[in-house]
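Structure, as structure tokens:
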Amino acid sequence: MFDTLARSTTAATRHLRPVDQPGLPATEPEPLHPGDASDELIAILCRIDQLQAQAAAALTKMNDAAKWRQRGYTSATAFLKHRAAMAPGRAMALVARSNALSGMPLTSRGLQTG
């Protein structure tokens, strides 16, 4: 059994090229240097995550009170698509995130505060 596995592995790797050959990407990304835009980008992405968690928490409150139904919408997704001009997939993703985080209060709070 192990001989067959060894032969199969050898046969499968015979056609692979080493990563350090010209024309192939480096195995490690270039190091980031202080002062480049990467720090700013990471801070912005973290803030986006916080805002998305806050939006999910607000949607949970709205969902719990069925505010979307009181405004004549058939679902929270329909409300988001119309009132927030969200694409259907994005609206569904926010509803799914809201539903998931509503059962995980500590995770939700941690995401909201960073």
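So you can find residues: chains in the structure tokens are A, B, ... in the order shown, residues in each start at 1, and ligands are numbered from 1 in order.
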Distance query range 63-73 of chain A at most 12 Å, only C-alpha atoms, self and fewer than 3 positions along chain excluded, as a PyMOL selection string: chain A and resi 55-60+76-83+94-96+98-99+102
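Within the 6 Å cut-off around Gln112 in chain A, using only C-alpha atoms and omitting residues fewer than 3 positions from it on the same chain, the listed residues are A:Gln50, A:Ala53, A:Gln54, A:Arg109.
Remark: for Asp49 in chain A, the closest of the candidate residues A:Ser75, A:Arg97, A:Ala87, A:Pro105 is A:Arg97 (distances computed over only C-alpha atoms).
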Hey, can you check how far CA of Ser108 in chain A sits from CA of Gln52 in chain A? 10.3 Å
